[in-house]
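Dumped model.tsv below, it's TSV, C-alpha atoms:
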```tsv
chain	number	residue	atom	x	y	z
A	114	MET	CA	0.28	-14.50	-14.53
A	115	THR	CA	3.85	-14.60	-13.28
A	116	PRO	CA	4.17	-13.77	-9.59
A	117	GLU	CA	7.06	-11.37	-9.95
A	118	PHE	CA	4.76	-8.87	-11.66
A	119	ASP	CA	2.01	-9.04	-9.06
A	120	ARG	CA	3.54	-7.50	-5.94
A	121	ARG	CA	5.50	-4.57	-4.67
A	122	SER	CA	8.82	-4.53	-2.90
A	123	PHE	CA	9.95	-2.44	0.04
A	124	LEU	CA	11.27	0.98	-1.00
A	125	ARG	CA	10.74	-0.01	-4.62
A	126	TYR	CA	10.48	3.61	-5.58
A	127	SER	CA	13.12	5.06	-3.24
A	128	ALA	CA	15.83	5.26	-5.88
A	129	LEU	CA	13.53	7.10	-8.26
A	130	THR	CA	12.34	9.41	-5.51
A	131	GLY	CA	15.87	10.12	-4.41
A	132	ALA	CA	16.94	10.91	-7.95
A	133	VAL	CA	14.18	13.48	-8.28
A	134	LEU	CA	14.52	15.02	-4.83
A	135	GLY	CA	18.30	14.89	-4.67
A	136	GLY	CA	18.96	16.09	-8.19
A	137	ALA	CA	17.50	19.39	-9.25
A	138	GLY	CA	15.89	19.89	-5.87
A	139	LEU	CA	12.23	20.28	-5.04
A	140	LEU	CA	10.13	22.00	-7.62
A	141	ALA	CA	7.58	24.61	-6.77
A	142	ALA	CA	4.70	23.26	-4.69
A	143	CYS	CA	2.33	21.48	-7.02
A	144	GLY	CA	-0.49	20.39	-4.76
A	145	ASP	CA	-2.92	22.88	-6.26
A	146	ASP	CA	-4.89	21.53	-9.18
A	147	SER	CA	-5.27	24.36	-11.66
A	148	SER	CA	-8.02	22.44	-13.45
A	149	SER	CA	-10.32	22.64	-10.43
A	150	SER	CA	-12.03	25.43	-8.61
A	151	PRO	CA	-13.75	24.19	-5.43
A	152	GLY	CA	-16.04	27.17	-5.31
A	153	GLY	CA	-16.91	27.40	-8.98
A	154	SER	CA	-16.94	25.67	-12.34
A	155	THR	CA	-14.31	23.65	-14.19
A	156	PRO	CA	-13.77	22.95	-17.91
A	157	ASP	CA	-15.80	19.74	-17.64
A	158	GLY	CA	-18.55	21.41	-15.62
A	159	SER	CA	-17.90	19.43	-12.46
A	160	ARG	CA	-17.16	20.99	-9.10
A	161	PHE	CA	-13.61	19.66	-8.73
A	162	GLY	CA	-12.62	18.81	-12.27
A	163	SER	CA	-10.34	15.91	-13.18
A	164	VAL	CA	-7.53	14.52	-11.04
A	165	ALA	CA	-4.73	12.04	-11.56
A	166	ILE	CA	-4.26	9.35	-8.91
A	167	GLN	CA	-1.12	7.25	-9.01
A	168	LEU	CA	-1.42	3.67	-7.80
A	169	SER	CA	1.48	2.01	-6.05
A	170	TRP	CA	1.65	-0.88	-8.49
A	171	LEU	CA	0.06	-2.40	-11.60
A	172	LYS	CA	-3.72	-2.53	-11.79
A	173	ASN	CA	-4.45	-5.69	-9.82
A	174	ILE	CA	-6.74	-6.48	-6.89
A	175	GLU	CA	-4.89	-4.15	-4.54
A	176	PHE	CA	-6.93	-1.22	-5.82
A	177	ALA	CA	-10.41	-2.73	-5.72
A	178	GLY	CA	-11.79	0.19	-3.70
A	179	GLU	CA	-10.69	2.66	-6.34
A	180	TYR	CA	-12.28	0.50	-9.06
A	181	PHE	CA	-15.61	0.48	-7.23
A	182	ALA	CA	-15.47	4.22	-6.53
A	183	ASP	CA	-14.90	4.86	-10.22
A	184	SER	CA	-17.25	2.26	-11.75
A	185	LYS	CA	-20.16	2.97	-9.40
A	186	GLY	CA	-19.92	6.72	-9.86
A	187	TYR	CA	-18.83	7.63	-6.34
A	188	PHE	CA	-16.09	9.91	-7.64
A	189	LYS	CA	-18.55	11.59	-10.00
A	190	ASP	CA	-21.12	11.98	-7.22
A	191	ALA	CA	-18.43	13.58	-5.06
A	192	GLY	CA	-17.91	16.29	-7.66
A	193	PHE	CA	-15.09	14.98	-9.87
A	194	GLY	CA	-15.36	15.12	-13.63
A	195	SER	CA	-13.01	12.16	-13.89
A	196	VAL	CA	-10.42	10.35	-11.82
A	197	ASN	CA	-7.50	9.00	-13.83
A	198	LEU	CA	-6.07	5.91	-12.10
A	199	ILE	CA	-2.44	5.72	-13.19
A	200	ALA	CA	-0.73	2.37	-12.82
A	201	GLY	CA	2.53	2.23	-10.93
A	202	GLY	CA	5.21	-0.39	-11.42
A	203	ALA	CA	8.93	-0.95	-11.41
A	204	ALA	CA	9.44	1.26	-14.46
A	205	SER	CA	7.18	4.09	-13.30
A	206	THR	CA	8.00	7.31	-11.51
A	207	SER	CA	7.45	7.16	-7.76
A	208	VAL	CA	4.30	8.54	-6.17
A	209	GLU	CA	6.43	11.04	-4.26
A	210	ALA	CA	8.14	12.23	-7.45
A	211	GLY	CA	4.76	12.48	-9.17
A	212	LEU	CA	3.42	14.63	-6.37
A	213	ASP	CA	6.52	16.80	-6.42
A	214	THR	CA	6.28	17.50	-10.14
A	215	GLY	CA	2.52	18.00	-10.03
A	216	LYS	CA	1.82	15.09	-12.39
A	217	VAL	CA	-0.46	13.49	-9.80
A	218	TRP	CA	-2.79	14.99	-7.22
A	219	LEU	CA	-2.80	12.03	-4.83
A	220	GLY	CA	-0.86	8.78	-4.69
A	221	LEU	CA	-0.88	5.43	-2.94
A	222	SER	CA	2.44	4.69	-1.31
A	223	ALA	CA	3.87	3.52	2.04
A	224	PRO	CA	5.33	5.19	5.15
A	225	GLN	CA	8.81	3.80	4.52
A	226	THR	CA	8.80	5.38	1.06
A	227	THR	CA	7.12	8.69	1.86
A	228	ALA	CA	9.08	9.42	5.07
A	229	PRO	CA	12.52	9.64	3.40
A	230	ALA	CA	11.10	11.95	0.73
A	231	ILE	CA	9.65	14.23	3.42
A	232	LEU	CA	12.94	14.24	5.29
A	233	GLU	CA	14.60	15.36	2.05
A	234	GLY	CA	12.18	18.28	1.77
A	235	LEU	CA	9.01	17.09	0.04
A	236	PRO	CA	6.04	18.95	1.65
A	237	ALA	CA	3.65	16.00	1.72
A	238	LYS	CA	1.54	14.07	4.25
A	239	ILE	CA	-0.17	10.72	4.56
A	240	VAL	CA	-3.88	11.39	5.09
A	241	ALA	CA	-5.33	7.85	5.17
A	242	THR	CA	-4.36	4.22	4.77
A	243	THR	CA	-6.03	1.30	3.03
A	244	TYR	CA	-4.07	-1.50	4.70
A	245	GLN	CA	-3.99	-1.51	8.49
A	246	LYS	CA	-1.12	-4.00	8.26
A	247	ASN	CA	1.59	-4.24	5.66
A	248	PRO	CA	1.40	-7.48	3.63
A	249	PHE	CA	5.03	-8.58	4.05
A	250	CYS	CA	5.45	-12.09	5.39
A	251	ILE	CA	7.83	-15.03	5.51
A	252	VAL	CA	6.29	-17.98	3.70
A	253	SER	CA	7.63	-21.50	4.27
A	254	SER	CA	6.77	-25.13	3.65
A	255	ALA	CA	4.00	-26.52	5.82
A	256	GLY	CA	6.21	-29.56	6.34
A	257	LYS	CA	9.10	-27.45	7.68
A	258	PRO	CA	7.28	-24.37	8.94
A	259	ILE	CA	8.83	-21.10	10.02
A	260	LYS	CA	6.23	-19.77	12.43
A	261	ASN	CA	8.00	-16.68	13.80
A	262	PRO	CA	11.26	-14.71	13.43
A	263	GLN	CA	13.12	-16.89	15.94
A	264	ASP	CA	12.37	-19.94	13.79
A	265	MET	CA	14.46	-18.38	11.03
A	266	LYS	CA	17.71	-18.80	12.98
A	267	GLY	CA	20.19	-20.98	11.13
A	268	ARG	CA	17.91	-21.32	8.11
A	269	LYS	CA	18.09	-20.10	4.51
A	270	ILE	CA	15.77	-17.21	3.68
A	271	GLY	CA	15.24	-15.96	0.13
A	272	VAL	CA	15.33	-12.16	0.22
A	273	GLN	CA	14.97	-9.84	-2.77
A	274	ASP	CA	17.54	-7.06	-2.92
A	275	THR	CA	14.90	-4.35	-2.62
A	276	ASN	CA	13.47	-6.08	0.46
A	277	LEU	CA	16.72	-6.30	2.42
A	278	LEU	CA	15.95	-3.14	4.36
A	279	ILE	CA	12.60	-4.30	5.69
A	280	PHE	CA	13.92	-7.82	6.30
A	281	ASN	CA	16.82	-6.46	8.35
A	282	ALA	CA	14.35	-4.22	10.18
A	283	LEU	CA	12.34	-7.35	11.03
A	284	LEU	CA	15.47	-8.97	12.45
A	285	THR	CA	16.38	-5.86	14.48
A	286	ALA	CA	12.84	-5.50	15.80
A	287	ASN	CA	13.05	-9.05	17.13
A	288	GLY	CA	16.51	-8.92	18.69
A	289	MET	CA	18.23	-10.72	15.83
A	290	LYS	CA	21.17	-9.97	13.52
A	291	PRO	CA	21.64	-10.68	9.79
A	292	GLY	CA	24.21	-13.33	10.74
A	293	ASP	CA	21.52	-15.30	12.56
A	294	VAL	CA	20.13	-16.41	9.21
A	295	THR	CA	21.56	-17.31	5.81
A	296	ILE	CA	20.26	-14.66	3.43
A	297	VAL	CA	19.95	-16.03	-0.10
A	298	PRO	CA	19.66	-13.37	-2.85
A	299	ALA	CA	16.37	-13.89	-4.66
A	300	GLN	CA	14.04	-12.56	-7.30
A	301	PHE	CA	10.24	-12.56	-6.83
A	302	ASP	CA	9.34	-15.97	-8.27
A	303	PRO	CA	9.13	-18.29	-5.23
A	304	THR	CA	10.04	-21.43	-7.18
A	305	PRO	CA	13.31	-21.87	-5.18
A	306	LEU	CA	11.19	-22.27	-2.04
A	307	ALA	CA	9.03	-24.90	-3.69
A	308	ASN	CA	12.17	-26.67	-4.87
A	309	GLY	CA	13.65	-26.76	-1.37
A	310	GLU	CA	16.59	-24.48	-2.18
A	311	VAL	CA	15.64	-22.19	0.72
A	312	ASP	CA	13.62	-22.61	3.90
A	313	GLY	CA	11.72	-19.32	3.81
A	314	TRP	CA	10.82	-16.56	1.38
A	315	VAL	CA	10.05	-12.86	1.77
A	316	SER	CA	6.58	-12.53	0.27
A	317	TYR	CA	3.33	-10.64	0.15
A	318	VAL	CA	0.75	-12.59	2.15
A	319	THR	CA	-1.81	-11.79	-0.54
A	320	ASN	CA	0.31	-13.17	-3.37
A	321	GLU	CA	3.02	-15.85	-3.17
A	322	PRO	CA	1.36	-18.07	-0.54
A	323	ILE	CA	-1.75	-18.22	-2.71
A	324	ILE	CA	0.23	-18.88	-5.89
A	325	LEU	CA	2.24	-21.65	-4.21
A	326	ALA	CA	-0.86	-23.31	-2.75
A	327	ALA	CA	-2.52	-23.25	-6.18
A	328	LYS	CA	0.48	-25.18	-7.51
A	329	GLY	CA	0.11	-27.80	-4.78
A	330	PHE	CA	2.82	-26.52	-2.44
A	331	GLU	CA	1.30	-26.46	1.03
A	332	ASN	CA	2.71	-23.56	2.99
A	333	THR	CA	2.43	-21.40	6.07
A	334	ASN	CA	3.48	-17.84	6.84
A	335	PHE	CA	3.79	-15.15	9.47
A	336	LEU	CA	3.31	-11.41	8.99
A	337	PHE	CA	6.07	-8.91	9.73
A	338	ALA	CA	3.33	-6.68	11.14
A	339	ASP	CA	2.59	-9.25	13.85
A	340	TYR	CA	6.20	-9.26	15.01
A	341	ASN	CA	7.12	-5.73	16.00
A	342	LEU	CA	7.02	-4.16	12.52
A	343	PRO	CA	3.43	-2.85	12.29
A	344	LEU	CA	3.80	-0.57	9.29
A	345	VAL	CA	0.63	0.28	7.37
A	346	ALA	CA	0.50	0.13	3.57
A	347	GLU	CA	-1.32	1.57	0.57
A	348	THR	CA	-1.24	4.98	2.22
A	349	LEU	CA	-2.98	7.93	0.57
A	350	THR	CA	-0.46	10.75	0.22
A	351	VAL	CA	-0.96	14.36	-0.88
A	352	MET	CA	0.96	17.60	-0.90
A	353	GLN	CA	0.59	19.84	2.15
A	354	SER	CA	-0.90	22.51	-0.10
A	355	THR	CA	-3.77	20.14	-0.93
A	356	ILE	CA	-4.61	19.84	2.77
A	357	ASP	CA	-4.31	23.60	3.25
A	358	LYS	CA	-5.99	24.90	0.11
A	359	GLU	CA	-8.18	22.08	-1.24
A	360	ARG	CA	-9.60	20.59	1.93
A	361	ASP	CA	-13.16	20.24	0.63
A	362	LYS	CA	-11.89	18.58	-2.53
A	363	LEU	CA	-9.80	16.13	-0.51
A	364	LYS	CA	-12.73	15.38	1.79
A	365	ALA	CA	-14.92	14.69	-1.23
A	366	PHE	CA	-12.33	12.29	-2.63
A	367	LEU	CA	-11.93	10.46	0.68
A	368	THR	CA	-15.70	10.10	0.96
A	369	ALA	CA	-15.82	8.39	-2.43
A	370	GLU	CA	-12.83	6.21	-1.48
A	371	ILE	CA	-14.54	5.02	1.69
A	372	LYS	CA	-17.67	4.10	-0.25
A	373	GLY	CA	-15.59	2.24	-2.80
A	374	TRP	CA	-13.68	0.25	-0.20
A	375	LYS	CA	-16.86	-0.61	1.70
A	376	ASP	CA	-18.12	-2.20	-1.50
A	377	ALA	CA	-14.80	-3.90	-2.18
A	378	VAL	CA	-14.49	-5.65	1.17
A	379	ALA	CA	-18.12	-6.76	0.93
A	380	ALA	CA	-17.71	-8.31	-2.54
A	381	PRO	CA	-14.33	-10.01	-3.15
A	382	ALA	CA	-15.59	-11.80	-6.27
A	383	GLU	CA	-16.76	-8.57	-7.90
A	384	SER	CA	-13.52	-6.88	-6.83
A	385	ALA	CA	-11.63	-9.59	-8.68
A	386	ARG	CA	-13.84	-9.27	-11.76
A	387	LEU	CA	-13.21	-5.54	-11.95
A	388	ALA	CA	-9.47	-6.13	-11.66
A	389	VAL	CA	-9.35	-8.95	-14.20
A	390	GLU	CA	-11.93	-7.89	-16.78
A	391	VAL	CA	-11.91	-4.10	-16.61
A	392	TYR	CA	-9.14	-2.12	-14.94
A	393	GLY	CA	-6.32	-4.66	-15.15
A	394	LYS	CA	-7.46	-6.37	-18.33
A	395	ASP	CA	-4.08	-5.87	-19.99
A	396	GLN	CA	-2.34	-7.69	-17.11
A	397	LYS	CA	-4.00	-11.02	-18.00
A	398	LEU	CA	-4.74	-11.73	-14.35
A	399	ASP	CA	-6.28	-14.99	-13.18
A	400	LEU	CA	-9.82	-14.55	-11.85
A	401	ALA	CA	-9.70	-17.39	-9.31
A	402	GLU	CA	-6.37	-16.22	-7.94
A	403	GLN	CA	-7.46	-12.57	-7.77
A	404	THR	CA	-10.62	-13.61	-5.90
A	405	LYS	CA	-8.53	-15.43	-3.31
A	406	GLU	CA	-6.22	-12.43	-3.05
A	407	ALA	CA	-9.21	-10.13	-2.57
A	408	THR	CA	-10.41	-12.29	0.32
A	409	ALA	CA	-6.94	-12.37	1.88
A	410	GLN	CA	-6.63	-8.61	1.37
A	411	ASN	CA	-9.67	-8.00	3.56
A	412	ASP	CA	-7.68	-9.19	6.58
A	413	LEU	CA	-5.31	-6.27	5.98
A	414	VAL	CA	-7.99	-3.67	5.28
A	415	LEU	CA	-10.34	-4.54	8.16
A	416	SER	CA	-9.53	-4.43	11.85
A	417	ALA	CA	-11.15	-3.71	15.20
A	418	ASP	CA	-9.99	-0.12	14.78
A	419	THR	CA	-11.63	0.30	11.36
A	420	ALA	CA	-14.82	-1.20	12.78
A	421	ALA	CA	-14.76	1.50	15.45
A	422	HIS	CA	-13.39	4.44	13.47
A	423	GLY	CA	-14.06	3.65	9.83
A	424	LEU	CA	-12.13	2.35	6.82
A	425	LEU	CA	-8.88	4.08	5.83
A	426	SER	CA	-8.44	5.43	9.37
A	427	MET	CA	-5.44	5.27	11.71
A	428	THR	CA	-5.56	5.59	15.47
A	429	ASP	CA	-2.98	7.69	17.30
A	430	GLN	CA	-1.57	4.45	18.69
A	431	LEU	CA	-1.12	2.95	15.23
A	432	ILE	CA	0.57	6.14	14.05
A	433	GLU	CA	3.05	5.97	16.93
A	434	GLN	CA	3.67	2.28	16.22
A	435	ASN	CA	4.55	3.20	12.64
A	436	ILE	CA	6.93	5.92	13.76
A	437	ALA	CA	8.65	3.41	16.05
A	438	ALA	CA	8.80	0.83	13.25
A	439	LEU	CA	10.38	3.36	10.92
A	440	ARG	CA	13.06	4.05	13.50
A	441	THR	CA	13.82	0.33	13.45
A	442	ALA	CA	14.47	0.76	9.73
A	443	ALA	CA	16.77	3.74	10.49
A	444	ILE	CA	14.17	6.31	9.34
A	445	ASP	CA	13.77	8.92	12.09
A	446	ILE	CA	10.72	11.13	11.57
A	447	LYS	CA	8.06	12.66	13.83
A	448	ALA	CA	4.41	11.71	13.59
A	449	ASP	CA	3.23	15.20	12.67
A	450	GLN	CA	5.81	15.37	9.89
A	451	LEU	CA	4.44	12.26	8.20
A	452	PHE	CA	0.76	11.91	9.10
A	453	ASP	CA	-2.29	14.18	9.08
A	454	LEU	CA	-5.50	12.26	9.71
A	455	SER	CA	-7.51	15.38	10.52
A	456	VAL	CA	-9.19	15.56	7.10
A	457	LEU	CA	-10.37	11.95	7.26
A	458	ARG	CA	-11.62	12.43	10.81
A	459	GLU	CA	-13.63	15.45	9.65
A	460	VAL	CA	-15.18	13.30	6.91
A	461	TYR	CA	-16.39	10.76	9.45
A	462	ALA	CA	-17.55	13.45	11.89
A	463	GLU	CA	-19.64	15.05	9.15
A	464	ASN	CA	-20.83	11.72	7.71
A	465	PRO	CA	-21.18	9.22	10.58
A	466	GLY	CA	-23.14	6.88	8.33
A	467	LEU	CA	-19.96	6.12	6.39
A	468	LYS	CA	-18.60	3.99	9.25
```
Would it be possible to restate this file's structure as structure tokens?
Amino acid sequence: MTPEFDRRSFLRYSALTGAVLGGAGLLAACGDDSSSSPGGSTPDGSRFGSVAIQLSWLKNIEFAGEYFADSKGYFKDAGFGSVNLIAGGAASTSVEAGLDTGKVWLGLSAPQTTAPAILEGLPAKIVATTYQKNPFCIVSSAGKPIKNPQDMKGRKIGVQDTNLLIFNALLTANGMKPGDVTIVPAQFDPTPLANGEVDGWVSYVTNEPIILAAKGFENTNFLFADYNLPLVAETLTVMQSTIDKERDKLKAFLTAEIKGWKDAVAAPAESARLAVEVYGKDQKLDLAEQTKEATAQNDLVLSADTAAHGLLSMTDQLIEQNIAALRTAAIDIKADQLFDLSVLREVYAENPGLK
């Protein structure tokens, strides 16, 4: 597996979203799923019918919870006839565009991608989050480590074009300017770091550091989220009409998601097997690598807050931290414009055993 096809980049979908939202304008609200009738029957005889869920990237380990929820029948038990997991990727339509056109009912995205779409008029909300911390990091050689943002001063950092925004936000959040470092344009393959052409590399903590270590390149890293840029990731986003008109359906889906992610964090090896042998079989993923990534991913999914409030949750404090972080990236939006955790909180209030 080549590393450039196994990770996302910041605002990867923004251009696509902007083209849809800025072109013909917003289409009619499409949050309602005409194939479902919460109070009655559907063509497949299930309570909620079939739904399309767009993933934020290709079918790798990042979506282990969804794989468990599907393979173990949690979606079916919740009342869905089927849940179609649609792979994302560089060539795909954005989650926000998919929601706008009604092609998907729910999508996995990120605050920095969803917020601009909302500011342009998309009536959508983030209702839950898988990752409590975003996976962006700076990876460097263990022999010449970069342990924090200040350590980057005067050094060469490989930055992908689509990651310039979040990298500059990291600098701003830590009292630095782009001129404090030498930004080297980069792709996603971290070979230049291994070759010593740069001192640091913008990476996903669950991907490049593991790939480099497997090739014998000892490395270290620090998370953007630990240095004043605490954005969440893999956020579950729906249209406002889904919250207003299909609340029971959304609660049923979130219940199945929670069950799936509880299984996923408890069984990294099985998570990897599902990614490699079943859902992402066409990606030709490496089982050992995906297992390591699943283990590393747990550090992003689990936190003291999820232990107290449940998986996929966000505290009011974390929400405010995300709003502040977005402002650092020049995205000015209010918390109640972007987030609505009320549905998830109802799920946990009605099913305390899910925690």
Each range 147-206 of chain A residue no farther than 12 Å from range 214-230 of chain A, nearest pair in Å, only C-alpha atoms, as a tab-separated table:
```
residue	atom	partner	partner_atom	distance
A:Ser147	CA	A:Gly215	CA	10.2
A:Ser148	CA	A:Trp218	CA	11.0
A:Ser149	CA	A:Trp218	CA	11.2
A:Phe161	CA	A:Trp218	CA	11.9
A:Gly162	CA	A:Trp218	CA	11.7
A:Ser163	CA	A:Trp218	CA	9.7
A:Val164	CA	A:Trp218	CA	6.1
A:Ala165	CA	A:Val217	CA	4.8
A:Ile166	CA	A:Leu219	CA	5.1
A:Gln167	CA	A:Gly220	CA	4.6
A:Leu168	CA	A:Leu221	CA	5.2
A:Ser169	CA	A:Leu221	CA	5.2
A:Trp170	CA	A:Leu221	CA	8.8
A:Leu171	CA	A:Leu221	CA	11.7
A:Glu175	CA	A:Leu221	CA	10.5
A:Phe176	CA	A:Leu221	CA	9.4
A:Glu179	CA	A:Leu221	CA	10.7
A:Val196	CA	A:Trp218	CA	10.0
A:Asn197	CA	A:Val217	CA	9.3
A:Leu198	CA	A:Gly220	CA	9.5
A:Ile199	CA	A:Val217	CA	8.7
A:Ala200	CA	A:Leu221	CA	10.3
A:Gly201	CA	A:Leu221	CA	9.3
A:Gly202	CA	A:Ser222	CA	11.6
A:Thr206	CA	A:Lys216	CA	10.0
```
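Ranking A:Ile444, A:Ser316, A:Pro343, A:Leu457 by their shortest atom-to-atom distance to Gln430 in chain A, with only C-alpha atoms included, puts A:Pro343 first.
Each of A:Glu310, A:Asp376, A:Glu331, A:Asp274 was checked against Ala182 in chain A using all atoms listed in the file; the smallest atom-to-atom distance is that of A:Asp376.
A straight line drawn from CA of Val389 in chain A to CA of Glu406 in chain A is 12.1 Å long.
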Original post:
Got a sec: who's within 9 Å of Lys260 in chain A, counting all atoms listed in the file, leaving out chain neighbours fewer than 5 positions off, as a PyMOL selection string?
Top reply: chain A and resi 251-253+265+333-335
Subject >> Nearest candidate to Ala443 in chain A (options A:Thr155, A:Thr408, A:Asn281, A:Asn332; using all atoms listed in the file) >> reply: A:Asn281
Original post:
Any idea what the distance is between CA of Ala177 in chain A and CA of Asp213 in chain A?
Top reply: 25.9 Å
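Using only C-alpha atoms, the smallest distance between any of A:Ala241, A:Ala407, A:Ile231, A:Ala286 and Leu212 in chain A comes from A:Ile231.
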Centre, x/y/z edge lengths, axis-aligned box for range 179-188 of chain A with 6 Å per side, as lines of an AutoDock Vina configuration file:
```
center_x = -15.4
center_y = 5.2
center_z = -9.0
size_x = 21.5
size_y = 21.4
size_z = 17.4
```
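Across A:Pro298, A:Gly423, A:Pro381, A:Pro258, the tightest approach to Gln403 in chain A is made by A:Pro381 when counting only C-alpha atoms.
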Original post:
What gap, in Å, lies between CA of Thr275 in chain A and CA of Lys246 in chain A?
Top reply: 19.4 Å
